[in-house]
Amino acid sequence: MKNIAVIGYGVIGKRVVDAIHLQDDMSLIGVCDIISDWRIQNAVRKEYDIYAATQEAADKMESQGISVKGNMQDLLDKVDLVVDCTPKKIAAQNVKTYKEKGIKFILQGGEKHETTGHSFSAENNYKSAINLDATRVVSCNTTSILRTLTALKKADLLDHARGTLLRRATDPWESHLGGIMNTMVPEKDIPSHQGPDAQSVDPELDVITSAVKVPQTLSHMHYWNVKLSKKVSKEEIVEAFKTSTRIKMIRYDQGLVSNNTIKEMFLDMGRPWGDMYEVALWEDMLKVQGDELFYAYVVDNQAIVIPETIDAIRALTGIETDGAKSIAKTNESLGIH
Ligand SMILES: NC(=O)c1ccc[n+]([C@@H]2O[C@H](COP(=O)([O-])OP(=O)(O)OC[C@H]3O[C@@H](n4cnc5c(N)ncnc54)[C@H](O)[C@@H]3O)[C@@H](O)[C@H]2O)c1
């Protein structure tokens with residue numbers, strides 16, 4: 001059993017915490033944050049041990065009746081590995097502390113590759129992360145790109161890929177604070193950062209992305225044009241995608257015609273928060289023409305990196321040296337079938 005801490009109990013952190021709690025080969029020691037309102041109070045309700053990142057936060061938590069187990073240093077003293085889920089750039093500032101303490105650490109996609117020197121996507125490069133001191137689980141969009149292109153690459157079908165990303169404006173819980181309305185905002189640069197980011201995991205991928213922010217909050221949607229390495233049938237492409245357990249082939253003719261219907265299905269399935277850990281790729285929309293492939297899919301940005309983070313913990317701590325076994329174990333625990 002390896003002891004794990006999670007710093008930052010936000011959109012990603014609270015999901016990572018619950019997912020760690022479900023595993024039988026790692027132990028969640030505590031959660032550290034600076035908030036004292038309903039968000040962290042839910043962690044108290046779930047009986048997780050709470051640590052405060054600052055003295056000010058500890059005072060506020062205690063004034064709200066939250067029993068604080070200690071500060072961040074106290075928590076770090078008890079663990080083998082820390083998963084840092086604080087906002088972009090804050091996690092990078094914590095790296096010095098983790099290194100000084102000699103604790104392994106996992107960062108999320110808001111941070112730069114250089115911060116850890118290794119970026120992770122389970123189906124692509126699990127092996128290269130085994131027993132490393134640190135890695136970065138790449139962002140939601142990048143994870144989806146790697147899953148889909150890795151499946152095509154493994155089947156020896158991929159020449160190059162060009163994708164357009166429709167990005168959600170903000171996360172649902174904070175949509176009262178910002179996000180866009182009645183507009184679409186393209187990213188200024190082509191390529192957008194996700195293509196190069198995928199190459200931080202797999203430098204061999206020939207991939208270019210463009211992105212536009214759209215006024216909704218449920219998920220991202222991607223459209224891809226792929227040049228195949230040879231002419232193959234649609235069935236062979238579908239079989240290649242099906243080799244990934246984390247790509248879910250969905251059908252437009254089954255009523256899954258939009259991101260809100262997909263979300264509703266996952267809520268009906270009883271997934272926590274309606275989370276979709278898989279990439280939902282439309283099988284009936286998928287088109288092969290000569291050596292060109294066209295497809296679209298939906299990415300639940302809040303959920304897709306959760307199984308990846310669990311696998312990254314197993315790789316870094318060396319609990320499991322077989323990536324396929326870790327993926328299967330994580331899938332089973334989260335109900336990914
Ligand atoms: N939101 C997404 O859809 C999404 C998807 C994939 C990856 N990511 C990445 O995951 C990381 C976390 O993003 P998020 O959306 O969960 O952020 P978030 O803002 O929802 O949560 C961050 C949490 O960290 C806490 N925090 C802030 N400063 C802290 C500190 N100094 N010490 C301890 N806790 C502190 C905040 O109070 C909050 O609870 C980022 O790198 C982000 O890019 C986010």
# chains A, B, ... in the order shown; residues from 1 in each chain; ligands from 1
call {"tool": "residues_near_ligand", "arguments": {"ligand": "ligand 1", "cutoff": "7 Å", "atoms": "only C-alpha atoms and all ligand atoms", "output": "list in words"}}
result
Ile7, Gly8, Tyr9, Gly10, Val11, Ile12, Gly13, Cys32, Asp33, Ile34, Ile35, Ala53, Cys85, Thr86, Pro87, Lys88, Ile90, Leu107, Gln108, Gly109, Gly110, Glu111, Ser139, Cys140, Asp171, Asn301, Gln302 and Val305 of chain A
call {"tool": "select_by_dssp", "arguments": {"residues": "range 59-153 of chain A", "states": "alpha helix (DSSP H)", "output": "PyMOL selection string"}}
result
chain A and resi 59-63+72-76+90-101+122-125+140-153
call {"tool": "residues_around", "arguments": {"residues": "Lys188 in chain A", "least_positions_apart": "4", "cutoff": "12 Å", "atoms": "only C-alpha atoms", "output": "PDB file with all heavy atoms, in the first residue's frame"}}
result
ATOM      1  N   SER A 192      -2.903  25.265 -32.292  1.00  0.00           N
ATOM      2  CA  SER A 192      -3.179  25.515 -30.881  1.00  0.00           C
ATOM      3  C   SER A 192      -2.280  24.582 -30.066  1.00  0.00           C
ATOM      4  O   SER A 192      -1.690  23.642 -30.614  1.00  0.00           O
ATOM      5  CB  SER A 192      -4.662  25.269 -30.591  1.00  0.00           C
ATOM      6  OG  SER A 192      -5.023  23.961 -30.978  1.00  0.00           O
ATOM      7  N   HIS A 193      -2.209  24.796 -28.757  1.00  0.00           N
ATOM      8  CA  HIS A 193      -1.161  24.121 -27.967  1.00  0.00           C
ATOM      9  C   HIS A 193      -1.362  22.608 -27.811  1.00  0.00           C
ATOM     10  O   HIS A 193      -0.426  21.892 -27.485  1.00  0.00           O
ATOM     11  CB  HIS A 193      -1.045  24.771 -26.580  1.00  0.00           C
ATOM     12  CG  HIS A 193      -2.198  24.470 -25.671  1.00  0.00           C
ATOM     13  ND1 HIS A 193      -3.370  25.188 -25.671  1.00  0.00           N
ATOM     14  CD2 HIS A 193      -2.368  23.488 -24.756  1.00  0.00           C
ATOM     15  CE1 HIS A 193      -4.184  24.682 -24.784  1.00  0.00           C
ATOM     16  NE2 HIS A 193      -3.622  23.646 -24.207  1.00  0.00           N
ATOM     17  N   SER A 210      -6.338  23.059 -34.166  1.00  0.00           N
ATOM     18  CA  SER A 210      -6.838  24.434 -34.068  1.00  0.00           C
ATOM     19  C   SER A 210      -7.969  24.383 -33.053  1.00  0.00           C
ATOM     20  O   SER A 210      -8.610  23.339 -32.900  1.00  0.00           O
ATOM     21  CB  SER A 210      -7.417  24.937 -35.388  1.00  0.00           C
ATOM     22  OG  SER A 210      -6.658  24.480 -36.475  1.00  0.00           O
ATOM     23  N   ALA A 211      -8.249  25.495 -32.367  1.00  0.00           N
ATOM     24  CA  ALA A 211      -9.262  25.441 -31.305  1.00  0.00           C
ATOM     25  C   ALA A 211     -10.097  26.711 -31.262  1.00  0.00           C
ATOM     26  O   ALA A 211      -9.621  27.797 -31.582  1.00  0.00           O
ATOM     27  CB  ALA A 211      -8.581  25.226 -29.960  1.00  0.00           C
ATOM     28  N   VAL A 212     -11.363  26.528 -30.864  1.00  0.00           N
ATOM     29  CA  VAL A 212     -12.269  27.666 -30.683  1.00  0.00           C
ATOM     30  C   VAL A 212     -13.091  27.438 -29.420  1.00  0.00           C
ATOM     31  O   VAL A 212     -13.562  26.335 -29.164  1.00  0.00           O
ATOM     32  CB  VAL A 212     -13.172  27.859 -31.936  1.00  0.00           C
ATOM     33  CG1 VAL A 212     -13.906  26.595 -32.312  1.00  0.00           C
ATOM     34  CG2 VAL A 212     -14.170  28.984 -31.733  1.00  0.00           C
ATOM     35  N   LYS A 213     -13.202  28.485 -28.608  1.00  0.00           N
ATOM     36  CA  LYS A 213     -14.000  28.387 -27.394  1.00  0.00           C
ATOM     37  C   LYS A 213     -15.470  28.647 -27.744  1.00  0.00           C
ATOM     38  O   LYS A 213     -15.769  29.591 -28.494  1.00  0.00           O
ATOM     39  CB  LYS A 213     -13.516  29.446 -26.401  1.00  0.00           C
ATOM     40  CG  LYS A 213     -13.691  29.046 -24.948  1.00  0.00           C
ATOM     41  CD  LYS A 213     -13.417  30.202 -24.046  1.00  0.00           C
ATOM     42  CE  LYS A 213     -11.968  30.291 -23.627  1.00  0.00           C
ATOM     43  NZ  LYS A 213     -11.767  31.344 -22.602  1.00  0.00           N
TER      44      LYS A 213
END
call {"tool": "closest_residue", "arguments": {"among": "A:Ala92, A:Val201, A:Val298, A:Met1", "to": "Ala122 in chain A", "atoms": "only C-alpha atoms"}}
result
A:Val201
call {"tool": "select_by_dssp", "arguments": {"residues": "range 49-240 of chain A", "states": "strand (DSSP E or B)", "output": "PyMOL selection string"}}
result
chain A and resi 50-52+68-71+81-84+104-107+119-120+134-137+158-168+185-186+207-214+220-228
call {"tool": "closest_atom_pairs", "arguments": {"of": "range 76-159 of chain A", "to": "range 246-254 of chain A", "cutoff": "9 Å", "atoms": "only C-alpha atoms", "output": "Markdown table"}}
result
| residue | atom | partner | partner_atom | distance |
| --- | --- | --- | --- | --- |
| A:Glu123 | CA | A:Arg246 | CA | 8.9 |
| A:Ser144 | CA | A:Ile247 | CA | 8.7 |
| A:Arg147 | CA | A:Ile247 | CA | 7.4 |
| A:Thr148 | CA | A:Ile247 | CA | 7.3 |
call {"tool": "residues_around", "arguments": {"residues": "range 20-22 of chain A", "least_positions_apart": "3", "cutoff": "10 Å", "atoms": "only C-alpha atoms", "output": "number ranges by chain"}}
result
A: 4-6, 15-17, 25-29, 48, 306-307, 309-310, 313, 330, 333-334
call {"tool": "closest_residue", "arguments": {"among": "A:Asn71, A:Gln289, A:Thr317, A:Thr54", "to": "Lys230 in chain A", "atoms": "only C-alpha atoms"}}
result
A:Gln289
call {"tool": "residues_around", "arguments": {"residues": "range 96-105 of chain A", "least_positions_apart": "6", "cutoff": "9 Å", "atoms": "only C-alpha atoms", "output": "list of chain:residue names"}}
result
A:Gln73, A:Leu76, A:Asp77, A:Val79, A:Asp80, A:Leu81, A:Val82, A:Val83, A:Asp84, A:Thr116, A:Leu132, A:Asp133, A:Ala134, A:Thr135, A:Arg136, A:Ile313, A:Leu316, A:Thr317
call {"tool": "write_last_selection", "arguments": {"atoms": "all heavy atoms", "output": "tab-separated table (two decimals), in the first residue's frame"}}
result
chain	number	residue	atom	x	y	z
A	73	GLN	N	2.84	20.55	5.18
A	73	GLN	CA	4.08	19.83	5.51
A	73	GLN	C	3.75	18.56	6.31
A	73	GLN	O	4.34	17.50	6.07
A	73	GLN	CB	5.02	20.73	6.35
A	73	GLN	CG	5.42	22.02	5.66
A	73	GLN	CD	6.33	21.79	4.47
A	73	GLN	OE1	7.06	20.82	4.41
A	73	GLN	NE2	6.25	22.67	3.47
A	76	LEU	N	2.53	16.02	3.90
A	76	LEU	CA	3.60	15.50	3.03
A	76	LEU	C	4.50	14.53	3.79
A	76	LEU	O	5.05	13.59	3.20
A	76	LEU	CB	4.41	16.65	2.43
A	76	LEU	CG	3.63	17.59	1.48
A	76	LEU	CD1	4.54	18.70	0.97
A	76	LEU	CD2	3.03	16.83	0.30
A	77	ASP	N	4.66	14.76	5.09
A	77	ASP	CA	5.51	13.87	5.90
A	77	ASP	C	4.97	12.44	5.95
A	77	ASP	O	5.70	11.51	6.29
A	77	ASP	CB	5.63	14.41	7.34
A	77	ASP	CG	6.57	15.59	7.43
A	77	ASP	OD1	7.40	15.75	6.49
A	77	ASP	OD2	6.48	16.36	8.40
A	79	VAL	N	3.34	10.77	3.37
A	79	VAL	CA	2.99	10.12	2.10
A	79	VAL	C	4.20	9.76	1.23
A	79	VAL	O	5.29	10.31	1.39
A	79	VAL	CB	2.01	11.00	1.27
A	79	VAL	CG1	0.72	11.23	2.04
A	79	VAL	CG2	2.65	12.31	0.85
A	80	ASP	N	3.95	8.84	0.30
A	80	ASP	CA	4.96	8.44	-0.69
A	80	ASP	C	4.84	9.29	-1.95
A	80	ASP	O	5.81	9.47	-2.68
A	80	ASP	CB	4.74	6.97	-1.10
A	80	ASP	CG	4.77	6.04	0.09
A	80	ASP	OD1	5.85	5.91	0.69
A	80	ASP	OD2	3.71	5.47	0.43
A	81	LEU	N	3.61	9.75	-2.22
A	81	LEU	CA	3.37	10.46	-3.48
A	81	LEU	C	2.27	11.49	-3.27
A	81	LEU	O	1.31	11.26	-2.53
A	81	LEU	CB	2.96	9.46	-4.56
A	81	LEU	CG	2.66	9.99	-5.96
A	81	LEU	CD1	3.07	8.96	-7.03
A	81	LEU	CD2	1.19	10.37	-6.17
A	82	VAL	N	2.43	12.64	-3.96
A	82	VAL	CA	1.40	13.67	-3.88
A	82	VAL	C	0.85	13.95	-5.29
A	82	VAL	O	1.61	14.00	-6.26
A	82	VAL	CB	1.96	14.95	-3.21
A	82	VAL	CG1	3.20	15.47	-3.90
A	82	VAL	CG2	0.92	16.05	-3.15
A	83	VAL	N	-0.47	14.06	-5.36
A	83	VAL	CA	-1.11	14.47	-6.62
A	83	VAL	C	-1.52	15.92	-6.43
A	83	VAL	O	-2.35	16.23	-5.58
A	83	VAL	CB	-2.36	13.62	-6.95
A	83	VAL	CG1	-2.91	14.02	-8.32
A	83	VAL	CG2	-2.04	12.14	-6.89
A	84	ASP	N	-0.90	16.83	-7.20
A	84	ASP	CA	-1.19	18.25	-7.05
A	84	ASP	C	-2.24	18.67	-8.07
A	84	ASP	O	-1.98	18.64	-9.28
A	84	ASP	CB	0.10	19.07	-7.21
A	84	ASP	CG	-0.08	20.50	-6.72
A	84	ASP	OD1	-1.13	21.09	-7.03
A	84	ASP	OD2	0.82	21.02	-6.04
A	116	THR	N	8.02	18.71	-14.98
A	116	THR	CA	8.24	17.33	-14.52
A	116	THR	C	9.23	16.58	-15.42
A	116	THR	O	9.79	15.58	-15.00
A	116	THR	CB	6.91	16.53	-14.54
A	116	THR	OG1	6.36	16.62	-15.85
A	116	THR	CG2	5.93	17.06	-13.51
A	132	LEU	N	9.49	6.58	-11.94
A	132	LEU	CA	9.98	7.97	-12.06
A	132	LEU	C	9.62	8.75	-10.79
A	132	LEU	O	8.72	8.36	-10.05
A	132	LEU	CB	9.32	8.67	-13.26
A	132	LEU	CG	9.75	8.30	-14.67
A	132	LEU	CD1	9.06	9.25	-15.67
A	132	LEU	CD2	11.26	8.39	-14.84
A	133	ASP	N	10.27	9.90	-10.61
A	133	ASP	CA	9.95	10.74	-9.45
A	133	ASP	C	8.74	11.63	-9.71
A	133	ASP	O	8.06	12.05	-8.77
A	133	ASP	CB	11.15	11.65	-9.11
A	133	ASP	CG	12.29	10.85	-8.51
A	133	ASP	OD1	12.01	9.77	-7.94
A	133	ASP	OD2	13.45	11.28	-8.62
A	134	ALA	N	8.49	11.96	-10.99
A	134	ALA	CA	7.41	12.90	-11.28
A	134	ALA	C	6.87	12.71	-12.68
A	134	ALA	O	7.59	12.28	-13.59
A	134	ALA	CB	7.94	14.33	-11.14
A	135	THR	N	5.59	13.04	-12.84
A	135	THR	CA	5.04	13.13	-14.19
A	135	THR	C	3.91	14.16	-14.19
A	135	THR	O	3.48	14.65	-13.13
A	135	THR	CB	4.54	11.78	-14.72
A	135	THR	OG1	4.28	11.91	-16.13
A	135	THR	CG2	3.26	11.32	-14.04
A	136	ARG	N	3.46	14.47	-15.40
A	136	ARG	CA	2.34	15.39	-15.59
A	136	ARG	C	1.28	14.64	-16.39
A	136	ARG	O	1.58	14.14	-17.48
A	136	ARG	CB	2.85	16.61	-16.38
A	136	ARG	CG	1.79	17.61	-16.77
A	136	ARG	CD	2.42	18.68	-17.65
A	136	ARG	NE	2.72	18.14	-18.97
A	136	ARG	CZ	2.15	18.55	-20.12
A	136	ARG	NH1	1.27	19.54	-20.10
A	136	ARG	NH2	2.48	18.02	-21.26
A	313	ILE	N	-0.27	7.10	-10.76
A	313	ILE	CA	0.16	6.77	-9.38
A	313	ILE	C	0.79	5.38	-9.37
A	313	ILE	O	1.87	5.17	-8.80
A	313	ILE	CB	-1.04	6.82	-8.40
A	313	ILE	CG1	-1.59	8.24	-8.29
A	313	ILE	CG2	-0.64	6.27	-7.02
A	313	ILE	CD1	-2.89	8.36	-7.48
A	316	LEU	N	4.33	5.51	-11.21
A	316	LEU	CA	5.40	6.18	-10.46
A	316	LEU	C	5.81	5.42	-9.21
A	316	LEU	O	6.99	5.35	-8.87
A	316	LEU	CB	4.95	7.60	-10.07
A	316	LEU	CG	5.50	8.75	-10.93
A	316	LEU	CD1	5.20	8.57	-12.39
A	316	LEU	CD2	4.99	10.09	-10.44
A	317	THR	N	4.84	4.87	-8.51
A	317	THR	CA	5.18	4.15	-7.27
A	317	THR	C	5.66	2.73	-7.55
A	317	THR	O	6.15	2.05	-6.65
A	317	THR	CB	3.96	4.06	-6.33
A	317	THR	OG1	2.88	3.46	-7.06
A	317	THR	CG2	3.54	5.42	-5.81
call {"tool": "closest_residue", "arguments": {"among": "A:Leu166, A:Ile336, A:Ile190, A:Ala328", "to": "His220 in chain A", "atoms": "only C-alpha atoms"}}
result
A:Leu166
call {"tool": "atom_distance", "arguments": {"atom1": "CA of Lys2 in chain A", "atom2": "CA of Arg314 in chain A"}}
result
9.1 Å
call {"tool": "closest_residue", "arguments": {"among": "A:Ala296, A:Val207, A:Ile130, A:Val238", "to": "Met221 in chain A", "atoms": "only C-alpha atoms"}}
result
A:Ala296
call {"tool": "closest_residue", "arguments": {"among": "A:Trp173, A:Gly178, A:Leu152, A:Thr183", "to": "Glu239 in chain A", "atoms": "only C-alpha atoms"}}
result
A:Leu152
